[in-house]
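Step one of this worksheet: look at the structure below.
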Amino acid sequence: MTDDGSTAYNSHIEAIRQSEYPMLRDEIYLDHAGTTLYAKSLVDKFAADMTSSLFGNPHSASLSSQTSTSRIEDVRLRILQFFNADPSEFDLVFVANATAGIKLVIEAFRGNPLSFDYLYHQACHTSLVGVREEAANSLCLDDAAVEGWIGGTDPTSVFGQHARPTLFAYPAQSNMDGTRFPLDWSDRLRKGVSESDRQVFTMLDAAALVPTSPLDLSNSETAPDFTVLSFYKMFGFPDLGGLIVRRQAAPTFLSRRYFGGGTVDMVVCHKEQWHAPKTQALHESLEDGTLPVHSIVALDSALTVHRQLFGSMGDVSSHTSFLGQRLQDGLTALRHSNGQPVCAIYSRSSLTSKGSDSSLGNGPVVAFNLQTHLGSWVSLVEFEKLAVLKRFHIRTGGLCNPGGIANSLGLEPWEMKRNFSAGFRCGAESDIMSGKPTGVIRVSLGAMSTISDVDKFIAFIAEFYQTESGPEHEPEIDSPTRDDLPDLHVESITVFPIKSCGGFRVPAGVVWEVRAEGLAWDREWCLVHRGTGQALSQKRHPRMALIRPVIDFSKGQLHVSYWEPKSKQPIPEISIPLSANPNLFHVSTTSKPMASRVCGEEISAQIYTSSKINDFFSSVLGVPCALARFPPGGLGKGMRHAKAHLQKHQRVNRRIQCKMPCQFPGMDTPPDSDSESERQRILLSNESPILAINLASLEALNRQIVAQGVKAVSPEVFRANIAIGSSTSGSQSFAYSEDHWSSLRIGQQDFKMLGSCRRCHMICIDQETAEKNDEPFVTLAKTRRFDGKVFFGTHMCHLPSSKIDTKEAQFPTITVGERVVVDPV
């Protein structure tokens with residue numbers, strides 16, 4: 001397809017997007033390698049089919065049963081024809097997904113009395129890597145080793161002489177970076193080992209290839225023995241997979257031991273144990289139980305609609321290759337002003353005409369990492385926070401491709417094991433270990449992707465990650481001294497009794513207790529999912545902000561109400577005793593009760609038994625949840641510790657050497673606070689006992705936000721316990737001075753600063769309406785990002801008085817309006 005042809009085809013896709021993909025309004029979906037999107041026409045056609053036809057269980061002779069059987073076989077043939085596979089040479093087995101197809105093949109090899117040897121390419125998905133645990137021997141091969149094997153260097157010779165069959169598995173296209181591998185490996189390998197006594201079978205993982213490229217199985221002599229794929233990756237719906245078996249490899253399944261309903265002609269159970277498998281068609285003996293009839297019917301609709309919307313797979317391939325190359329060229333062209341690349345790209349060129357080192361080209365996938373102008377890596381976690389906020393749907397991390405990740409990132413086995421020992425896990429926030437990233441950003445395109453999607457993503461990277469360098473030697477400035485600061489006072493005190501729910505603002509004149517774990521009653525409760533035990537968060541459930549607690553000491557109750565801005569019908573409030581009465585909590589009768597998890601930590605929380613209480617929260621949030629309590633004074637998993645830490649560079653006030661777009665003049669870099677510190681106790685807060693904000697910093701931030709034509713944000717979005725204000729004019733000159741405070745005195749109580757607060761897009765939730773916005777995270781990402789992380793506010797903890805015989809030491813308190821002294825002498 002020429003550039004003009006690509007543009008014309010793109011215009012066609014743009015034209016159908018609004019009507020066929022309404023879910024993409026204001027969204028940029030770039031994770032088609034995970035699953036592509038289903039068209040409205042597909043859903044409508046499927047619904048019409050379901051409401052006009054009667055489909056029964058195919059294991060029957062009724063008319064509805066025969067209707068199902070007939071449709072299943074018609075769809076089976078359509079899929080084989082889609083891949084040019086002659087039904088006399090191939091059979092299609094319906095499975096749940098590509099992984100289920102792999103497991104079905106392995107059931108057969110596992111049943112072989114001699115077992116089997118397994119070789120797999122290093123770019124294999126985890127689902128193929130896992131097969132090695134079933135094999136007698138296994139080896140991981142790179143391209144050179146595969147070509148050497150084809151050329152006569154047998155890697156299985158290290159296994160010794162035996163008659164075991166060998167299975168070789170490889171992907172048609174890497175799900176990590178889009179690299180495409182020779183489809184003729186199966187044929188060449190089969191020919192190369194034909195003279196040996198060893199049987200070699202090949203399994204092709206086509207799941208990543210077939211959504212955007214034709215797969216031609218017209219020649220059964222050269223085709224893989226087993227091909228696995230997932231139809232939801234091709235059409236978005238249904239959730240179904242397929243295993244295409246070359247009939248010459250069908251005898252392999254004679255070793256399969258398990259049989260399920262519908263796969264046998266006769267079974268004897270009593271006195272003798274015997275069965276006769278079905279033999280008329282291979283799929284009849286492999287499709288255990290009742291097939292997902294309705295999903296197969298949906299697949300019929302998917303094939304029809306896909307052709308109507310996108311034409312041939314050749315058209316889809318040309319379009320997505322054009323977009324993939326445009327994306328890679330755009331990201332490659334991004335440079336910092338010092339000439340350093342913004343992106344470290346691991347994918348090859350999508351178009352072979354672009355000088356790729358492979359004649360196969362690349363799938364429409366770009367895997368990369370971001371670097372600062374000084375060469376440091378940008379955290380994937382921090383990148384994803386911004387991407388989510390700007391409505392980009394992408395994938396980051398290890399992508400279930402351990403070999404591909406290790407090869408691209410230069411990670412040796414010992415390094416990966418060291419990272420694991422240091423606490424790294426899939427989905428962990430610490431994604432840069434010993435100066436190396438542990439995963440990548442993957443952008444993948446599909447049939448309904450457009451030039452606009454690509455250009456918006458490139459512009460997003462340029463806006464937030466392409467930097468302008470300042471002078472090489474910026475003069476250092478001193479941090480504000482204690483004498484420089486204006487008169488500061490406590491503007492407000494807020495506690496959040498239920499984690500992630502609304503706050504309770506302490507009235508003026510009320511003294512409030514300060515405990516070792518933080519302010520009294522702060523984040524002592526949480527809501528946990530009844531199925532998983534995971535603590536709920538506003539990030540996923542913004543309406544938690546509308547749950548409003550009020551602490552009533554006169555009645556010893558925590559009154560909780562729900563305020564829905566658009567609702568005219570008030571919801572009755574509930575009351576929860578402040579006392580920790582054991583009769584209120586669930587007592588587990590199992591040896592290992594289900595654990596609750598907060599911020600990834602397993603905790604031992606007390607779950608309330610009251611259906612009235614739990615149903616209240618479940619009803620207002622629309623989530624099956626229960627109230628849990630995590631009172632102070634616990635031990636073991638009943639105790640948590642702060643993670644905030646004051647970094648050494650916090651004590652040095654330097655002008656930022658790297659200016660981001662819209663950089664606020666004179667902004668100081670904050671400290672990092674996400675590593676382990678002294679063992680300060682906390683309850684259910686994320687990082688530290690107490691969180692404070694400087695209202696002068698908020699004023700500075702809001703000036704930048706308002707300058708962009710956006711409404712200023714309120715202090716409440718930062719969910720701070722203490723807001724520190726000043727009555728002195730010109731306080732804006734002390735914005736972000738909290739970065740350099742080491743301690744505070746509020747009234748008679750001393751506090752130690754633990755470091756700046758690392759922020760996520762939860763601060764974009766309006767605490768009055770629960771609506772999500774872009775600000776203030778977008779502006780902070782441009783002005784308060786250090787080491788790839790966004791900061792606002794400061795963590796701190798209470799320092800017990802050394803004068804233990806005073807009232808202030810025995811019962812430490814603070815009050816709204818009290819004077820705040822920075823770094824008291």
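A note on labels: chains of the structure tokens are A, B, ... as shown, every chain counts residues from 1, and ligands are counted from 1 in their shown order.
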Report as a PyMOL selection string all protein, DNA and RNA residues lying within 8 Å of A:Val713, evaluated on only C-alpha atoms, omitting residues in the same chain fewer than 2 positions from it. chain A and resi 702+711+715+717+775-776
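Taking only C-alpha atoms, the non-local environment of stretch 560-564 of chain A within 10 Å (same-chain residues fewer than 5 positions away omitted) comprises Ile498, Gly502, Arg543, Met544, Ala545, Leu546, Ile547, Arg548, Pro549, Val550, Ile551, Gln569, Pro570, Ile571, Pro572, Glu573, Ile574, Ser575, Ile576, Ile613, Phe616, Phe617, Val620, Leu621, Glu768, Thr769 and Ala770 of chain A.
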I'd like the contact shell of stretch 430-445 of chain A - 6 Å cut-off, only C-alpha atoms, skipping same-chain residues fewer than 3 positions apart - returned as an NGL selection string. :A and (30-33 or 364-369 or 394-398 or 449)
Go ahead and save the picked residues with all heavy atoms, as a compact mmCIF listing (two decimals), in the first residue's frame.
```txt
# COMPACT_ATOMS: atom_id res chain seq x y z
N LEU A 30 -4.04 1.81 22.69
CA LEU A 30 -2.79 1.38 22.06
C LEU A 30 -2.29 0.08 22.68
O LEU A 30 -1.08 -0.11 22.85
CB LEU A 30 -1.72 2.49 22.20
CG LEU A 30 -2.07 3.83 21.54
CD1 LEU A 30 -1.06 4.89 21.92
CD2 LEU A 30 -2.16 3.69 20.03
N ASP A 31 -3.21 -0.81 23.00
CA ASP A 31 -2.83 -2.11 23.59
C ASP A 31 -3.50 -3.25 22.82
O ASP A 31 -4.06 -4.16 23.40
CB ASP A 31 -3.22 -2.15 25.07
CG ASP A 31 -2.64 -3.37 25.78
OD1 ASP A 31 -1.64 -3.94 25.29
OD2 ASP A 31 -3.21 -3.79 26.80
N HIS A 32 -3.42 -3.20 21.51
CA HIS A 32 -4.06 -4.21 20.68
C HIS A 32 -3.37 -5.56 20.78
O HIS A 32 -3.97 -6.59 20.46
CB HIS A 32 -4.10 -3.75 19.23
CG HIS A 32 -5.01 -2.58 19.01
ND1 HIS A 32 -6.34 -2.71 18.71
CD2 HIS A 32 -4.77 -1.23 19.10
CE1 HIS A 32 -6.88 -1.51 18.60
NE2 HIS A 32 -5.95 -0.59 18.83
N ALA A 33 -2.12 -5.59 21.23
CA ALA A 33 -1.45 -6.87 21.44
C ALA A 33 -2.03 -7.60 22.64
O ALA A 33 -1.91 -8.82 22.75
CB ALA A 33 0.06 -6.67 21.62
N PRO A 364 3.23 -4.32 14.11
CA PRO A 364 2.94 -2.92 14.46
C PRO A 364 3.02 -2.71 15.97
O PRO A 364 2.04 -2.36 16.64
CB PRO A 364 1.52 -2.72 13.92
CG PRO A 364 0.90 -4.07 13.99
CD PRO A 364 2.00 -5.05 13.72
N VAL A 365 4.19 -2.95 16.48
CA VAL A 365 4.47 -2.87 17.93
C VAL A 365 5.77 -2.11 18.12
O VAL A 365 6.76 -2.37 17.41
CB VAL A 365 4.61 -4.28 18.55
CG1 VAL A 365 4.98 -4.18 20.03
CG2 VAL A 365 3.34 -5.09 18.35
N VAL A 366 5.77 -1.17 19.04
CA VAL A 366 7.00 -0.47 19.41
C VAL A 366 7.21 -0.63 20.91
O VAL A 366 6.38 -0.19 21.71
CB VAL A 366 6.97 1.02 19.03
CG1 VAL A 366 8.27 1.70 19.47
CG2 VAL A 366 6.78 1.18 17.52
N ALA A 367 8.30 -1.28 21.27
CA ALA A 367 8.68 -1.45 22.68
C ALA A 367 9.85 -0.51 22.95
O ALA A 367 10.81 -0.47 22.19
CB ALA A 367 9.07 -2.89 22.96
N PHE A 368 9.75 0.24 24.04
CA PHE A 368 10.79 1.22 24.31
C PHE A 368 10.80 1.58 25.78
O PHE A 368 9.91 1.20 26.56
CB PHE A 368 10.57 2.49 23.46
CG PHE A 368 9.33 3.27 23.82
CD1 PHE A 368 9.41 4.41 24.61
CD2 PHE A 368 8.08 2.87 23.36
CE1 PHE A 368 8.27 5.13 24.94
CE2 PHE A 368 6.93 3.59 23.68
CZ PHE A 368 7.03 4.72 24.48
N ASN A 369 11.83 2.32 26.17
CA ASN A 369 11.90 2.95 27.48
C ASN A 369 12.25 4.41 27.30
O ASN A 369 12.79 4.82 26.26
CB ASN A 369 12.94 2.27 28.37
CG ASN A 369 12.35 1.14 29.20
OD1 ASN A 369 11.37 1.34 29.91
ND2 ASN A 369 12.93 -0.04 29.11
N ILE A 394 -2.07 1.70 27.31
CA ILE A 394 -0.86 1.03 26.85
C ILE A 394 -0.50 -0.07 27.86
O ILE A 394 -1.16 -0.23 28.89
CB ILE A 394 0.32 2.01 26.66
CG1 ILE A 394 0.41 3.00 27.84
CG2 ILE A 394 0.14 2.81 25.39
CD1 ILE A 394 1.14 2.54 29.00
N ARG A 395 0.56 -0.80 27.57
CA ARG A 395 1.01 -1.86 28.47
C ARG A 395 2.46 -1.60 28.85
O ARG A 395 3.27 -1.24 28.00
CB ARG A 395 0.89 -3.22 27.75
CG ARG A 395 1.39 -4.42 28.53
CD ARG A 395 0.38 -5.00 29.47
NE ARG A 395 0.92 -6.15 30.19
CZ ARG A 395 0.80 -7.41 29.78
NH1 ARG A 395 0.18 -7.69 28.64
NH2 ARG A 395 1.31 -8.40 30.49
N THR A 396 2.77 -1.78 30.12
CA THR A 396 4.15 -1.65 30.58
C THR A 396 4.52 -2.88 31.41
O THR A 396 3.65 -3.61 31.87
CB THR A 396 4.35 -0.39 31.45
OG1 THR A 396 3.57 -0.53 32.66
CG2 THR A 396 3.90 0.87 30.72
N GLY A 397 5.81 -3.07 31.59
CA GLY A 397 6.29 -4.16 32.45
C GLY A 397 7.02 -5.23 31.67
O GLY A 397 7.60 -5.00 30.61
N GLY A 398 6.95 -6.46 32.19
CA GLY A 398 7.66 -7.58 31.59
C GLY A 398 6.89 -8.26 30.48
O GLY A 398 7.45 -9.08 29.74
N SER A 449 -6.81 1.30 14.53
CA SER A 449 -5.92 2.40 14.92
C SER A 449 -5.82 3.40 13.77
O SER A 449 -6.03 3.06 12.61
CB SER A 449 -4.52 1.85 15.25
OG SER A 449 -4.56 0.98 16.36
```
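Nearest residue to A:Leu37, choosing from A:Leu54, A:Ser11, A:Phe201, A:Phe237 and counting only C-alpha atoms: A:Phe237.
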Within 6 Å of stretch 690-697 of chain A, counting only C-alpha atoms, which residues qualify if same-chain residues fewer than 3 places away don't, as a VMD selection string? chain A and resid 518 700 720 to 725 731 to 732 735 to 736 793 to 797
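Non-sequential neighbours of A:Ser596 (distance at most 6 Å, separation of 2 or more positions within a chain, only C-alpha atoms) are Gly533, Gln534, Glu602 and Ile603 of chain A.
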Write the residues of the preceding selection, restricted to C-alpha atoms, as a PDB file, in the first residue's frame.
```
ATOM      1  CA  GLY A 533      -9.443  -8.868  50.696  1.00  0.00           C
ATOM      2  CA  GLN A 534      -7.794  -6.004  48.797  1.00  0.00           C
ATOM      3  CA  GLU A 602      -0.546  -8.244  53.748  1.00  0.00           C
ATOM      4  CA  ILE A 603      -2.169  -7.101  56.982  1.00  0.00           C
TER       5      ILE A 603
END
```
Residues near A:Ala580, anyone? I mean within 9 Å using only C-alpha atoms, not counting same-chain ones fewer than 3 positions away, as a PyMOL selection string. chain A and resi 577+583-585+629+631
Quick check for you: according to DSSP on this backbone, which residues of stretch 326-547 of chain A are classed as strand (DSSP E or B)? Reply as JSON, numbers by chain. {"A": [335, 341, 343, 344, 345, 362, 365, 366, 367, 368, 369, 370, 371, 377, 392, 393, 395, 396, 397, 432, 433, 436, 437, 440, 441, 442, 443, 444, 468, 469, 488, 489, 490, 491, 492, 493, 494, 495, 498, 504, 505, 512, 513, 514, 515, 518, 519, 525, 526, 527, 528, 529, 534, 535, 547]}
Please identify which residues in stretch 24-118 of chain A DSSP calls alpha helix (DSSP H) from the backbone, and express them as a ChimeraX atom specification. /A:40-52,63-82,98-110
Take the selection from the previous step and output its residues with C-alpha atoms, as a compact mmCIF listing (two decimals), in the first residue's frame.
```
# COMPACT_ATOMS: atom_id res chain seq x y z
CA LYS A 40 -20.63 -2.30 17.51
CA SER A 41 -21.77 -4.08 14.34
CA LEU A 42 -20.31 -7.31 15.72
CA VAL A 43 -22.24 -7.01 18.97
CA ASP A 44 -25.43 -6.07 17.12
CA LYS A 45 -25.13 -8.94 14.64
CA PHE A 46 -24.41 -11.42 17.43
CA ALA A 47 -27.37 -10.15 19.47
CA ALA A 48 -29.64 -10.45 16.45
CA ASP A 49 -28.40 -14.00 15.84
CA MET A 50 -28.99 -14.99 19.45
CA THR A 51 -32.51 -13.59 19.57
CA SER A 52 -33.59 -15.07 16.23
CA LEU A 63 -33.55 -29.51 16.50
CA SER A 64 -31.91 -26.81 18.61
CA SER A 65 -28.99 -29.16 19.27
CA GLN A 66 -28.57 -29.89 15.59
CA THR A 67 -28.72 -26.15 14.86
CA SER A 68 -25.79 -25.65 17.25
CA THR A 69 -23.82 -28.55 15.80
CA SER A 70 -24.33 -27.32 12.26
CA ARG A 71 -23.28 -23.78 13.13
CA ILE A 72 -20.18 -24.99 15.00
CA GLU A 73 -18.99 -27.01 12.01
CA ASP A 74 -19.69 -24.13 9.63
CA VAL A 75 -17.62 -21.77 11.77
CA ARG A 76 -14.86 -24.35 12.09
CA LEU A 77 -14.64 -24.49 8.31
CA ARG A 78 -14.73 -20.69 7.98
CA ILE A 79 -11.76 -20.36 10.35
CA LEU A 80 -9.73 -22.95 8.45
CA GLN A 81 -10.52 -21.16 5.20
CA PHE A 82 -9.52 -17.84 6.80
CA ALA A 98 -3.92 -19.81 23.00
CA THR A 99 -2.60 -20.97 26.39
CA ALA A 100 -5.34 -23.60 26.60
CA GLY A 101 -4.31 -24.82 23.15
CA ILE A 102 -0.72 -25.15 24.34
CA LYS A 103 -1.81 -27.12 27.40
CA LEU A 104 -3.87 -29.47 25.23
CA VAL A 105 -0.83 -30.28 23.10
CA ILE A 106 1.29 -30.79 26.19
CA GLU A 107 -1.27 -33.21 27.64
CA ALA A 108 -0.56 -35.43 24.66
CA PHE A 109 3.23 -35.21 24.92
CA ARG A 110 3.11 -35.70 28.67
```
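Among A:Leu536, A:Leu578, A:Ala462, A:Ala207, the residue with the shortest atom-to-atom distance to A:Asp552, counting only C-alpha atoms, is A:Leu578.
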Skip A:Val495 itself and residues of its chain fewer than 5 positions away, then list as a PyMOL selection string all residues within 9 Å of it, counting only C-alpha atoms. chain A and resi 502-506+519-523+719-722
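Proximity ranking of A:Val490, A:Leu114, A:Gln122, A:Val381 relative to A:Ala136 places A:Leu114 first, based on only C-alpha atoms.
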